[in-house]
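Here is input14.txt, consisting of compact mmCIF, C-alpha atoms:
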```txt
# COMPACT_ATOMS: atom_id res chain seq x y z
CA MET A 1 -31.72 -21.15 -102.58
CA ILE A 2 -34.87 -19.47 -103.78
CA ASP A 3 -37.53 -18.82 -101.19
CA ILE A 4 -40.80 -20.01 -102.74
CA GLN A 5 -42.89 -18.10 -100.20
CA GLU A 6 -40.99 -14.95 -101.01
CA THR A 7 -41.56 -15.29 -104.76
CA HIS A 8 -45.27 -15.92 -104.14
CA LYS A 9 -45.44 -12.81 -102.02
CA LYS A 10 -43.64 -10.72 -104.63
CA PHE A 11 -45.85 -12.00 -107.45
CA ARG A 12 -49.00 -11.32 -105.45
CA LYS A 13 -47.84 -7.80 -104.72
CA GLU A 14 -47.11 -7.10 -108.37
CA LEU A 15 -50.49 -8.43 -109.45
CA SER A 16 -52.42 -6.59 -106.77
CA ALA A 17 -50.95 -3.22 -107.77
CA GLY A 18 -53.50 -2.93 -110.59
CA THR A 19 -56.26 -5.26 -109.51
CA VAL A 20 -56.86 -3.54 -106.17
CA SER A 21 -57.33 -0.20 -107.95
CA LEU A 22 -59.82 -1.87 -110.32
CA ALA A 23 -61.69 -3.54 -107.47
CA LEU A 24 -61.89 -0.35 -105.38
CA LEU A 25 -63.04 1.75 -108.31
CA SER A 26 -65.65 -0.87 -109.16
CA ILE A 27 -66.99 -1.04 -105.60
CA LEU A 28 -67.31 2.73 -105.39
CA ALA A 29 -68.86 3.05 -108.85
CA GLN A 30 -71.54 0.51 -107.90
CA ALA A 31 -72.17 1.90 -104.41
CA GLU A 32 -75.33 3.93 -104.03
CA GLU A 33 -73.88 6.22 -101.40
CA PRO A 34 -70.39 7.42 -100.42
CA LEU A 35 -68.43 4.86 -98.38
CA TYR A 36 -65.60 5.20 -95.86
CA GLY A 37 -62.45 3.13 -95.73
CA TYR A 38 -63.59 0.58 -93.20
CA GLN A 39 -66.82 -0.18 -95.13
CA ILE A 40 -64.91 -0.49 -98.38
CA GLY A 41 -62.51 -2.91 -96.72
CA LYS A 42 -65.39 -5.04 -95.50
CA LEU A 43 -66.98 -5.10 -98.97
CA LEU A 44 -63.68 -6.05 -100.52
CA GLY A 45 -63.28 -8.86 -98.01
CA ALA A 46 -59.84 -7.50 -97.33
CA GLY A 47 -57.95 -9.04 -94.46
CA ASP A 48 -60.31 -12.01 -94.46
CA SER A 49 -58.03 -14.95 -93.79
CA ASP A 50 -59.99 -17.33 -96.04
CA VAL A 51 -59.21 -15.39 -99.17
CA ASP A 52 -55.90 -14.03 -97.97
CA ALA A 53 -54.24 -15.38 -101.08
CA VAL A 54 -56.05 -12.93 -103.33
CA THR A 55 -56.76 -9.84 -101.30
CA VAL A 56 -54.75 -7.11 -99.65
CA LYS A 57 -54.49 -5.99 -96.07
CA GLN A 58 -57.12 -3.43 -95.08
CA GLY A 59 -54.45 -0.86 -94.33
CA ALA A 60 -53.13 -1.08 -97.88
CA ILE A 61 -56.48 0.11 -99.25
CA TYR A 62 -56.06 3.66 -97.99
CA PRO A 63 -53.04 4.67 -100.05
CA VAL A 64 -54.75 3.23 -103.16
CA LEU A 65 -57.87 5.29 -102.40
CA ARG A 66 -55.67 8.38 -102.09
CA SER A 67 -53.97 7.54 -105.34
CA LEU A 68 -57.31 7.12 -107.18
CA GLU A 69 -58.46 10.41 -105.69
CA SER A 70 -55.37 12.25 -106.87
CA GLN A 71 -56.08 10.95 -110.38
CA GLY A 72 -59.56 12.46 -110.20
CA LEU A 73 -61.34 9.09 -110.30
CA LEU A 74 -62.69 9.42 -106.78
CA SER A 75 -63.86 12.36 -104.74
CA SER A 76 -63.94 12.46 -100.98
CA GLU A 77 -65.66 14.28 -98.18
CA ARG A 78 -64.83 14.38 -94.51
CA GLU A 79 -67.58 13.94 -92.00
CA MET A 80 -67.40 14.37 -88.28
CA THR A 81 -68.53 11.53 -86.03
CA ASP A 82 -70.00 11.75 -82.55
CA SER A 83 -67.08 9.89 -81.10
CA GLY A 84 -63.77 9.10 -82.65
CA PRO A 85 -61.99 10.62 -85.59
CA PRO A 86 -63.72 12.17 -88.61
CA ARG A 87 -64.36 9.74 -91.46
CA LYS A 88 -63.38 10.24 -95.04
CA TYR A 89 -66.19 9.22 -97.39
CA TYR A 90 -65.27 8.30 -100.95
CA GLN A 91 -67.38 8.13 -104.09
CA ALA A 92 -66.60 7.60 -107.76
CA THR A 93 -66.56 10.68 -109.97
CA LYS A 94 -68.01 10.78 -113.48
CA THR A 95 -64.50 10.38 -114.89
CA GLY A 96 -64.03 7.47 -112.50
CA LYS A 97 -67.11 5.68 -113.81
CA GLU A 98 -66.04 6.22 -117.41
CA THR A 99 -62.53 5.05 -116.58
CA LEU A 100 -63.95 1.91 -114.99
CA GLU A 101 -65.49 0.88 -118.32
CA GLY A 102 -62.11 1.12 -120.01
CA TRP A 103 -60.38 -0.69 -117.16
CA THR A 104 -62.98 -3.48 -117.22
CA GLN A 105 -62.31 -3.95 -120.95
CA ILE A 106 -58.56 -4.11 -120.31
CA TRP A 107 -59.12 -6.58 -117.49
CA ASN A 108 -61.29 -8.83 -119.68
CA ASP A 109 -58.69 -8.78 -122.46
CA THR A 110 -55.93 -9.55 -119.97
CA LYS A 111 -57.95 -12.37 -118.48
CA ILE A 112 -58.56 -13.98 -121.89
CA PHE A 113 -54.92 -13.53 -122.83
CA VAL A 114 -53.61 -15.10 -119.63
CA ASP A 115 -56.18 -17.92 -119.68
CA ASN A 116 -55.28 -18.72 -123.25
CA VAL A 117 -51.60 -18.88 -122.46
CA LEU A 118 -52.13 -20.95 -119.33
CA GLY A 119 -54.49 -23.28 -121.18
CA GLY A 120 -52.02 -23.72 -124.04
CA ASP A 121 -54.37 -22.15 -126.62
CA TYR A 122 -51.99 -19.42 -127.65
CA GLN A 123 -50.70 -20.95 -130.87
CA MET B 1 -53.15 -6.03 -70.14
CA LYS B 2 -52.97 -2.92 -72.25
CA THR B 3 -56.03 -0.74 -72.78
CA THR B 4 -57.36 -0.35 -76.31
CA ASN B 5 -56.08 3.21 -76.38
CA GLU B 6 -52.57 2.05 -75.51
CA LEU B 7 -52.77 -0.68 -78.16
CA ILE B 8 -53.75 1.83 -80.84
CA GLN B 9 -51.02 4.25 -79.76
CA SER B 10 -48.44 1.50 -79.76
CA TYR B 11 -49.49 0.39 -83.28
CA LEU B 12 -49.30 3.99 -84.50
CA GLY B 13 -45.85 4.27 -82.92
CA ASP B 14 -44.68 1.16 -84.77
CA LEU B 15 -46.14 2.44 -88.02
CA LYS B 16 -44.35 5.75 -87.55
CA THR B 17 -41.07 3.94 -86.98
CA ALA B 18 -41.66 1.82 -90.10
CA LEU B 19 -42.33 4.98 -92.11
CA LYS B 20 -38.95 6.45 -91.20
CA GLY B 21 -37.50 8.25 -94.18
CA ALA B 22 -40.89 9.02 -95.74
CA ASP B 23 -42.10 12.59 -96.12
CA LYS B 24 -43.45 14.07 -92.87
CA ALA B 25 -46.79 14.77 -94.52
CA THR B 26 -47.09 11.18 -95.74
CA VAL B 27 -46.41 9.96 -92.21
CA GLN B 28 -49.17 12.20 -90.88
CA ASP B 29 -51.60 10.97 -93.55
CA ALA B 30 -50.76 7.33 -92.88
CA LEU B 31 -51.19 7.71 -89.11
CA ALA B 32 -54.52 9.50 -89.57
CA ASP B 33 -55.80 6.76 -91.90
CA ALA B 34 -54.73 4.04 -89.47
CA GLU B 35 -56.27 5.75 -86.48
CA GLU B 36 -59.53 6.37 -88.31
CA HIS B 37 -59.68 2.73 -89.35
CA LEU B 38 -58.78 1.15 -86.02
CA ARG B 39 -61.17 3.31 -84.02
CA THR B 40 -64.02 2.91 -86.50
CA ALA B 41 -63.52 -0.85 -86.63
CA LEU B 42 -63.45 -1.11 -82.84
CA GLU B 43 -66.62 0.95 -82.55
CA THR B 44 -68.40 -1.22 -85.09
CA GLU B 45 -67.38 -4.34 -83.14
CA ARG B 46 -68.60 -2.75 -79.92
CA ALA B 47 -71.99 -2.05 -81.47
CA GLU B 48 -72.30 -5.55 -82.88
CA THR B 49 -71.08 -7.65 -79.98
CA GLU B 50 -72.23 -7.51 -76.40
CA GLU B 51 -69.62 -7.91 -73.67
CA LEU B 52 -66.84 -7.57 -76.19
CA GLU B 53 -63.36 -8.57 -75.11
CA GLU B 54 -62.00 -5.27 -76.40
CA SER B 55 -58.28 -5.91 -76.40
CA GLU B 56 -58.74 -9.20 -78.22
CA ALA B 57 -61.07 -7.65 -80.76
CA LEU B 58 -58.62 -4.85 -81.36
CA SER B 59 -55.73 -7.25 -81.81
CA ALA B 60 -57.73 -9.02 -84.52
CA ILE B 61 -58.54 -5.68 -86.16
CA ILE B 62 -54.87 -4.70 -86.15
CA GLN B 63 -54.01 -8.11 -87.58
CA GLU B 64 -56.43 -7.48 -90.45
CA TYR B 65 -55.14 -3.95 -90.98
CA GLY B 66 -51.66 -5.26 -91.68
CA GLU B 67 -48.13 -5.29 -90.30
CA PRO B 68 -46.65 -1.78 -89.85
CA ALA B 69 -43.81 -2.64 -92.24
CA GLU B 70 -46.24 -3.78 -94.94
CA ILE B 71 -48.48 -0.73 -94.58
CA ALA B 72 -45.51 1.63 -94.51
CA GLU B 73 -44.34 0.14 -97.79
CA ALA B 74 -47.75 0.76 -99.39
CA TYR B 75 -47.63 4.42 -98.35
CA LYS B 76 -44.10 4.86 -99.60
CA ALA B 77 -45.15 3.41 -102.96
CA TRP B 78 -48.08 5.82 -103.06
CA GLU B 79 -45.85 8.76 -102.14
CA SER B 80 -43.34 8.03 -104.88
CA SER B 81 -46.14 7.83 -107.45
CA LEU B 82 -47.39 11.25 -106.45
CA PRO B 83 -45.37 14.37 -107.12
CA PRO B 84 -46.50 17.26 -104.91
CA ALA B 85 -48.61 19.88 -106.62
CA LEU B 86 -46.59 21.98 -109.06
CA ALA B 87 -43.36 20.22 -108.19
CA ALA B 88 -41.30 20.17 -111.32
CA THR B 89 -40.20 16.67 -112.25
CA PRO B 90 -36.61 16.41 -113.47
CA ALA B 91 -37.94 16.00 -117.03
CA ALA B 92 -40.09 19.13 -116.77
CA ARG B 93 -37.16 21.08 -115.37
CA ARG B 94 -34.97 20.05 -118.28
CA ALA B 95 -37.70 20.97 -120.75
CA SER B 96 -38.22 24.41 -119.26
CA SER B 97 -34.52 25.23 -119.21
CA THR B 98 -33.93 24.22 -122.84
CA ALA B 99 -37.14 25.63 -124.30
CA ASN B 100 -36.04 29.21 -123.69
CA GLY B 101 -33.34 31.56 -124.98
CA LYS B 102 -29.88 30.26 -125.76
CA THR B 103 -27.86 32.82 -123.84
CA TYR B 104 -29.42 32.44 -120.41
CA PRO B 105 -31.48 29.29 -120.64
CA GLY B 106 -31.80 28.93 -116.88
CA PHE B 107 -32.25 32.61 -116.16
CA PHE B 108 -35.33 33.28 -118.31
CA ALA B 109 -36.76 29.78 -117.89
CA VAL B 110 -38.16 31.06 -114.60
CA TYR B 111 -41.20 32.39 -116.53
CA ALA B 112 -42.11 28.80 -117.43
CA ASP B 113 -41.76 27.59 -113.85
CA PRO B 114 -45.12 27.22 -112.08
CA ARG B 115 -43.31 27.47 -108.73
CA ALA B 116 -42.19 31.03 -109.50
CA TRP B 117 -45.76 32.04 -110.37
CA GLY B 118 -47.04 30.21 -107.30
CA GLY B 119 -44.53 32.10 -105.15
CA LEU B 120 -45.62 35.36 -106.78
CA VAL B 121 -49.30 34.75 -105.99
CA PHE B 122 -48.42 33.60 -102.47
CA MET B 123 -46.42 36.80 -101.82
CA LEU B 124 -49.31 38.91 -103.15
CA ILE B 125 -52.02 37.30 -101.00
CA SER B 126 -49.83 36.88 -97.91
CA ILE B 127 -50.65 40.43 -96.82
CA VAL B 128 -54.32 39.43 -96.59
CA THR B 129 -53.85 35.98 -95.07
CA GLY B 130 -51.11 37.30 -92.77
CA THR B 131 -53.34 40.05 -91.41
CA LEU B 132 -56.24 37.65 -90.90
CA TYR B 133 -54.10 35.01 -89.15
CA PHE B 134 -52.47 37.57 -86.88
CA SER B 135 -55.78 39.21 -85.92
CA TRP B 136 -57.43 35.87 -85.22
CA ALA B 137 -54.47 34.58 -83.20
CA VAL B 138 -54.36 37.70 -81.03
CA THR B 139 -58.15 37.98 -80.66
CA GLY B 140 -58.55 34.29 -79.93
CA LEU B 141 -55.75 34.15 -77.40
CA SER B 142 -56.81 37.26 -75.51
CA THR B 143 -60.48 36.17 -75.47
CA SER B 144 -59.46 32.77 -74.12
CA LEU B 145 -57.32 34.30 -71.41
CA GLY B 146 -60.07 36.75 -70.52
CA VAL B 147 -62.77 34.12 -70.01
CA MET B 148 -60.43 31.56 -68.43
CA ILE B 149 -61.69 32.37 -64.93
CA LEU B 150 -65.31 31.73 -65.95
CA ILE B 151 -66.97 28.36 -66.38
CA ILE B 152 -67.31 28.91 -70.15
CA GLY B 153 -63.56 29.53 -70.31
CA ILE B 154 -62.60 25.95 -71.05
CA PRO B 155 -64.95 25.28 -74.00
CA VAL B 156 -64.16 28.68 -75.50
CA THR B 157 -60.44 28.05 -75.22
CA ILE B 158 -60.80 24.61 -76.77
CA LEU B 159 -62.76 26.02 -79.70
CA VAL B 160 -60.19 28.76 -80.24
CA LEU B 161 -57.26 26.32 -80.08
CA LEU B 162 -59.06 23.93 -82.43
CA SER B 163 -59.62 26.79 -84.86
CA PHE B 164 -55.84 27.46 -84.83
CA ARG B 165 -55.24 23.85 -85.86
CA GLY B 166 -57.88 24.16 -88.57
CA ILE B 167 -56.24 27.30 -89.93
CA ALA B 168 -52.84 25.61 -89.82
CA PHE B 169 -54.28 22.79 -91.94
CA LEU B 170 -55.86 25.17 -94.46
CA GLU B 171 -52.65 27.19 -94.72
CA GLY B 172 -50.89 23.89 -95.38
CA ARG B 173 -53.18 23.18 -98.33
CA LEU B 174 -52.52 26.70 -99.65
CA VAL B 175 -48.76 26.25 -99.25
CA GLU B 176 -48.87 22.94 -101.11
CA ALA B 177 -51.00 24.31 -103.94
CA LEU B 178 -48.96 27.47 -104.47
CA LEU B 179 -45.48 26.59 -103.29
CA GLY B 180 -45.39 22.89 -104.07
CA GLU B 181 -44.22 21.85 -100.62
CA ARG B 182 -45.89 18.57 -99.67
CA MET B 183 -48.20 19.19 -96.68
CA PRO B 184 -50.66 16.90 -94.83
CA ARG B 185 -53.77 16.05 -96.79
CA ARG B 186 -55.92 15.77 -93.72
CA ALA B 187 -56.21 17.59 -90.45
CA SER B 188 -55.09 16.10 -87.18
CA PHE B 189 -57.90 15.59 -84.70
CA THR B 190 -58.32 15.20 -80.99
CA ASP B 191 -60.11 12.27 -79.46
CA SER B 192 -63.56 13.66 -78.71
CA SER B 193 -64.43 10.80 -76.37
CA GLN B 194 -62.09 12.40 -73.85
CA PRO B 195 -63.53 14.84 -71.30
CA TRP B 196 -63.18 18.59 -71.96
CA LYS B 197 -60.39 19.02 -69.44
CA GLU B 198 -58.31 16.24 -70.98
CA ARG B 199 -58.77 17.64 -74.47
CA LEU B 200 -57.73 21.10 -73.29
CA LYS B 201 -54.66 19.60 -71.70
CA ILE B 202 -53.73 17.81 -74.93
CA LEU B 203 -54.27 20.99 -76.95
CA LEU B 204 -52.30 23.16 -74.51
CA THR B 205 -49.38 20.78 -74.13
CA GLY B 206 -49.27 19.86 -77.82
CA LYS B 207 -46.34 21.41 -79.62
CA SER B 208 -48.35 21.79 -82.83
CA THR B 209 -50.83 24.25 -81.30
CA TRP B 210 -48.10 26.63 -80.19
CA LEU B 211 -46.11 26.35 -83.39
CA ALA B 212 -49.31 27.14 -85.33
CA ILE B 213 -49.83 30.26 -83.19
CA ILE B 214 -46.22 31.36 -83.78
CA TYR B 215 -46.74 30.85 -87.51
CA MET B 216 -49.96 32.86 -87.51
CA ILE B 217 -48.31 35.73 -85.65
CA LEU B 218 -45.20 35.73 -87.82
CA MET B 219 -47.33 35.78 -90.96
CA LEU B 220 -48.23 39.44 -90.39
CA PRO B 221 -44.67 40.85 -90.61
CA LEU B 222 -43.76 38.29 -93.26
CA GLY B 223 -46.86 39.13 -95.30
CA VAL B 224 -46.12 42.85 -95.13
CA ILE B 225 -42.51 42.30 -96.18
CA TYR B 226 -43.40 39.88 -99.02
CA PHE B 227 -46.09 42.18 -100.36
CA SER B 228 -44.07 45.41 -100.14
CA VAL B 229 -40.95 43.94 -101.69
CA LEU B 230 -42.91 42.31 -104.49
CA ILE B 231 -44.99 45.39 -105.30
CA THR B 232 -41.91 47.65 -105.23
CA PHE B 233 -39.95 45.52 -107.66
CA LEU B 234 -42.94 44.73 -109.88
CA SER B 235 -44.01 48.35 -110.29
CA LEU B 236 -40.42 49.42 -110.90
CA ALA B 237 -40.02 46.73 -113.56
CA LEU B 238 -43.37 47.41 -115.24
CA GLY B 239 -42.70 51.17 -115.21
CA LEU B 240 -39.33 50.71 -116.88
CA ILE B 241 -40.74 48.26 -119.44
CA ALA B 242 -43.39 50.85 -120.38
CA THR B 243 -40.75 53.59 -120.98
CA PRO B 244 -40.51 53.19 -124.81
CA VAL B 245 -44.29 53.53 -125.19
CA ALA B 246 -44.29 56.61 -122.99
CA ALA B 247 -41.30 58.04 -124.86
CA LEU B 248 -43.01 57.57 -128.25
CA VAL B 249 -46.17 59.29 -127.04
CA MET B 250 -44.25 62.16 -125.43
CA ILE B 251 -41.97 62.69 -128.44
CA ASN B 252 -44.95 62.76 -130.83
CA MET B 253 -46.79 65.23 -128.63
CA GLY B 254 -43.71 67.38 -128.16
CA ILE B 255 -43.73 67.14 -124.38
CA PRO B 256 -40.32 66.98 -122.65
CA PHE B 257 -39.66 63.53 -121.11
CA GLN B 258 -36.65 63.80 -118.86
CA VAL B 259 -35.17 62.36 -115.71
CA LEU B 260 -34.12 65.25 -113.48
CA GLN B 261 -31.93 65.42 -110.43
CA SER B 262 -31.83 68.73 -108.51
CA GLY B 263 -33.07 70.51 -111.65
CA ASP B 264 -30.39 69.09 -113.94
CA ILE B 265 -31.31 66.79 -116.77
CA VAL B 266 -29.74 63.40 -116.15
CA TRP B 267 -31.51 61.45 -118.89
CA ASN B 268 -33.28 63.13 -121.78
CA LEU B 269 -35.71 60.64 -123.28
CA SER B 270 -37.39 63.10 -125.63
CA GLY B 271 -34.10 64.44 -127.02
CA PRO B 272 -31.90 62.97 -129.76
CA GLY B 273 -31.41 59.21 -129.27
CA GLY B 274 -34.02 59.33 -126.52
CA PHE B 275 -36.00 56.41 -127.91
CA LEU B 276 -32.93 54.16 -127.95
CA LEU B 277 -32.25 55.17 -124.37
CA SER B 278 -35.82 54.26 -123.46
CA LEU B 279 -35.21 50.79 -124.94
CA VAL B 280 -32.25 50.41 -122.57
CA PHE B 281 -34.60 51.35 -119.72
CA ALA B 282 -37.08 48.71 -120.91
CA GLY B 283 -34.29 46.11 -120.99
CA LEU B 284 -33.42 47.00 -117.43
CA GLY B 285 -37.11 46.56 -116.58
CA VAL B 286 -37.16 43.06 -118.08
CA LEU B 287 -34.03 42.23 -116.10
CA ILE B 288 -35.62 43.42 -112.84
CA ALA B 289 -38.87 41.56 -113.62
CA THR B 290 -36.93 38.34 -114.22
CA CYS B 291 -34.94 38.83 -111.01
CA THR B 292 -38.25 39.37 -109.21
CA MET B 293 -39.53 36.06 -110.55
CA HIS B 294 -36.39 34.36 -109.26
CA LEU B 295 -36.91 36.07 -105.93
CA ALA B 296 -40.55 34.89 -105.83
CA ARG B 297 -39.46 31.32 -106.52
CA TRP B 298 -36.81 31.48 -103.82
CA VAL B 299 -39.18 33.04 -101.27
CA GLY B 300 -41.78 30.40 -102.14
CA LYS B 301 -39.34 27.58 -101.62
CA THR B 302 -37.97 29.00 -98.37
CA HIS B 303 -41.42 29.81 -97.03
CA GLY B 304 -42.56 26.28 -97.89
CA LYS B 305 -39.78 24.84 -95.72
CA PHE B 306 -40.60 27.31 -92.95
CA ALA B 307 -44.33 26.46 -93.08
CA LYS B 308 -43.54 22.76 -92.98
CA ALA B 309 -41.30 23.17 -89.96
CA LEU B 310 -43.98 25.02 -88.02
CA LEU B 311 -47.24 23.49 -89.27
CA VAL B 312 -46.43 19.79 -89.60
CA SER B 313 -45.84 18.09 -86.29
CA ASP B 314 -43.59 15.09 -85.95
```
Would you write the structure of this file as C-alpha cells?
Amino acid sequence: MIDIQETHKKFRKELSAGTVSLALLSILAQAEEPLYGYQIGKLLGAGDSDVDAVTVKQGAIYPVLRSLESQGLLSSEREMTDSGPPRKYYQATKTGKETLEGWTQIWNDTKIFVDNVLGGDYQ
Amino acid sequence: MKTTNELIQSYLGDLKTALKGADKATVQDALADAEEHLRTALETERAETEELEESEALSAIIQEYGEPAEIAEAYKAWESSLPPALAATPAARRASSTANGKTYPGFFAVYADPRAWGGLVFMLISIVTGTLYFSWAVTGLSTSLGVMILIIGIPVTILVLLSFRGIAFLEGRLVEALLGERMPRRASFTDSSQPWKERLKILLTGKSTWLAIIYMILMLPLGVIYFSVLITFLSLALGLIATPVAALVMINMGIPFQVLQSGDIVWNLSGPGGFLLSLVFAGLGVLIATCTMHLARWVGKTHGKFAKALLVSD
C-alpha cells in the first residue's frame, strides 16, 4: 500500500530543493543589510506551522545558504556577539543579484507551464 | 526539568548521532549552525518576552528548527553536492590520465593534477608556517605558565589558548585550499556567557586545544623536512634539465664541461657525443621532477589526513 503522506513529503522535498534557493537568494538580494540565519528564517516564515505545507524547517536553511555561498551567489561575514556564538551574516553578491534575475525568469516560465498543464490549457 | 543548556547539548548530541557517516567537517559545520541558531533564537525570545518560560520556549524553537534526522539529511545532501576544493572528481581524474602521453598516462598526468601543485606549494610554505606555529606555541605556553601565579594569568592563558584554536582553524582552511582535504568551514567557539574560570577549564580539558598544540609543534620539524626534501629534489631536477643548454654554451665557448671524481673524468659533456649525453641527463631530470610531483601529491594527501586527525575534533 502506498503511503499518501510519504508521497506528499517526498514531492514537497523535491520541489523545495530549487524553490528554497530561489527564495533565500531573493530575500538576501532585497535586504538592505547583511542578515544572519535566524533573521532569514523569520523572514522566510520557515517553521511557521500555518504555512508548514510550503516552507522548510529553519535548520534546513543553513545548508542551502552554504551551498549558495559556495556557488559565489552569497558572501558571508562572521561577527562576534556579546554573549553566545558568533553570527554569520550573509548578503547577495553582484553575481547573486544577476543570477536572481535569470532564476526569476525560469521560475515565471515554470509557473506558467505548470499552471497551463494543471488548467488543461496545454493543447 | 532540564536547563536550556542541557536541552541544547542534548539536541546537538542527537544531531551528531543522526549525522553519523557524514564527513567530520560537515558534522562540525552542522553543529555550529545549529548552536548559533538555537542560542540566537533563545536570546531573541528572552529580549521580547518578560518572565519567559525558557525550557518551553526552547522546545518550540527546536521544534521549528527541525528533527535531527531531517536536518542531518539536508546537510548530507549539501555535502554530496560540494566537492572539497581541488578534489578531483572521477571524471576529471579520467580526463587527466588520458589527456597525456600514451606510454605512461598516469605517471605524467601528475602535472595536470591540482593536488600535486597544491602539495608542492604547501611543502614550500610549510617552513614558514611551521616556524611561526612552533614559535607561537612555545612562546604562548611559556608565557601562560609564567603568569599563571598572577591574577592576570587566567585571562592571558585563555587568550593564548583561544589563539591556538584560531590558528588551528586557519591552518584547516589552508589545508583544504591546498591539499583538498575537507576541513571545517567555521571555527568552534566557547560559550562566552560562562565565567572566566569555567571557560579556562573547558579550554584546558578540551582535547582539541592540546591536539592543536601538538600539531603546531610538529609543524616545525615537518616543515623543515618538507622544504629541504622538496628543494633538494627540485634543484637537482632543474639542474639536470638545464644540462643541454649549459653543454651547448660550453661547447661553443670551448670550455671543458666534465663531471669529475677524484680528478678522473667520469662524464665528458664537452667531448664527442657530449651533447647527446647531456640530453640523457635532461631526461633523468624530467624523471626526477615528475617523481617529485608524485611525492608532493603523496605528502599533500598524507598531511591532509594528519591535519584532519589533529585539528578536527569529534
Fill in: Polymer residues at most 10 Å from B:Asp33, only C-alpha atoms, same-chain spacing of 2 or more positions, as a PyMOL selection string
(chain A and resi 37+59+61-63+85+87-88) or (chain B and resi 27-31+35-38+186)
Discussion item. Restricting the calculation to all atoms listed in the file: of A:Asp115, A:Asp109, A:Glu79, A:Glu101, which residue gets closest to A:Tyr36?
Written reply: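 Among A:Asp115, A:Asp109, A:Glu79, A:Glu101, it is A:Glu79 that comes nearest to A:Tyr36.
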Worksheet entry | Interface residues on chain B facing chain A, 9 Å, all atoms listed in the file, written as a PyMOL selection string | chain B and resi 30+32-41+43+61+63-67+70-79+81-82+188-193
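Using all atoms listed in the file, the contacts of stretch 122-135 of chain B at a cut-off of 6 Å, with sequence neighbours closer than 6 positions omitted, comprise Met216, Ile217, Met219, Leu220, Gly223, Val224, Tyr226 and Phe227 of chain B.
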Item to complete: Can you pull out every residue within 8 Å of stretch 306-311 of chain B, counting all atoms listed in the file, but drop anything in the same chain fewer than 3 positions away, and send it as a PyMOL selection string?
Response: chain B and resi 168-169+172+175+181+183+208+211-212+214-215+302-303
I need the chosen residues saved as a PDB file, in the coordinates of the input, with C-alpha atoms.
```
ATOM      1  CA  ALA B 168     -52.840  25.610 -89.820  1.00  0.00           C
ATOM      2  CA  PHE B 169     -54.280  22.790 -91.940  1.00  0.00           C
ATOM      3  CA  GLY B 172     -50.890  23.890 -95.380  1.00  0.00           C
ATOM      4  CA  VAL B 175     -48.760  26.250 -99.250  1.00  0.00           C
ATOM      5  CA  GLU B 181     -44.220  21.850-100.620  1.00  0.00           C
ATOM      6  CA  MET B 183     -48.200  19.190 -96.680  1.00  0.00           C
ATOM      7  CA  SER B 208     -48.350  21.790 -82.830  1.00  0.00           C
ATOM      8  CA  LEU B 211     -46.110  26.350 -83.390  1.00  0.00           C
ATOM      9  CA  ALA B 212     -49.310  27.140 -85.330  1.00  0.00           C
ATOM     10  CA  ILE B 214     -46.220  31.360 -83.780  1.00  0.00           C
ATOM     11  CA  TYR B 215     -46.740  30.850 -87.510  1.00  0.00           C
ATOM     12  CA  THR B 302     -37.970  29.000 -98.370  1.00  0.00           C
ATOM     13  CA  HIS B 303     -41.420  29.810 -97.030  1.00  0.00           C
TER      14      HIS B 303
END
```
Enclose all atoms of stretch 1-20 of chain B listed in the file in an axis-aligned box, grow every side by 6 Å, and hand back centre and edge lengths in Å to one decimal, as lines of an AutoDock Vina configuration file.
```
center_x = -48.2
center_y = 0.2
center_z = -81.1
size_x = 30.4
size_y = 24.5
size_z = 34.0
```
Item to complete: Fewer than 2 positions away in the same chain doesn't count, so skip those; otherwise give me all residues within 9 Å of B:Thr290, counting all atoms listed in the file, as a PyMOL selection string.
Response: chain B and resi 107-108+110-111+237+285-288+292-295
Discussion item. Residues within 12 Å of B:Pro195, please, as a ChimeraX atom specification. Count all atoms listed in the file; anything in the same chain fewer than 6 positions from it doesn't count.
Written reply: /A:83 /B:154-155,158,201-202
Worksheet item: atom CA of B:Leu236 and atom CA of B:Leu222 are how many Å apart?
Response: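 Result for atom CA of B:Leu236 versus atom CA of B:Leu222: 21.1 Å, one decimal.
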Worksheet entry | Atomic separation - atom CA of B:Leu7 relative to atom CA of B:Ile62, Å |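 Going from atom CA of B:Ile62 over to atom CA of B:Leu7 covers 9.2 Å.
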Item to complete: Please measure the separation of atom CA of B:Ile167 and atom CA of B:Leu203, giving the value in Å to one decimal.
Response: 14.6 Å
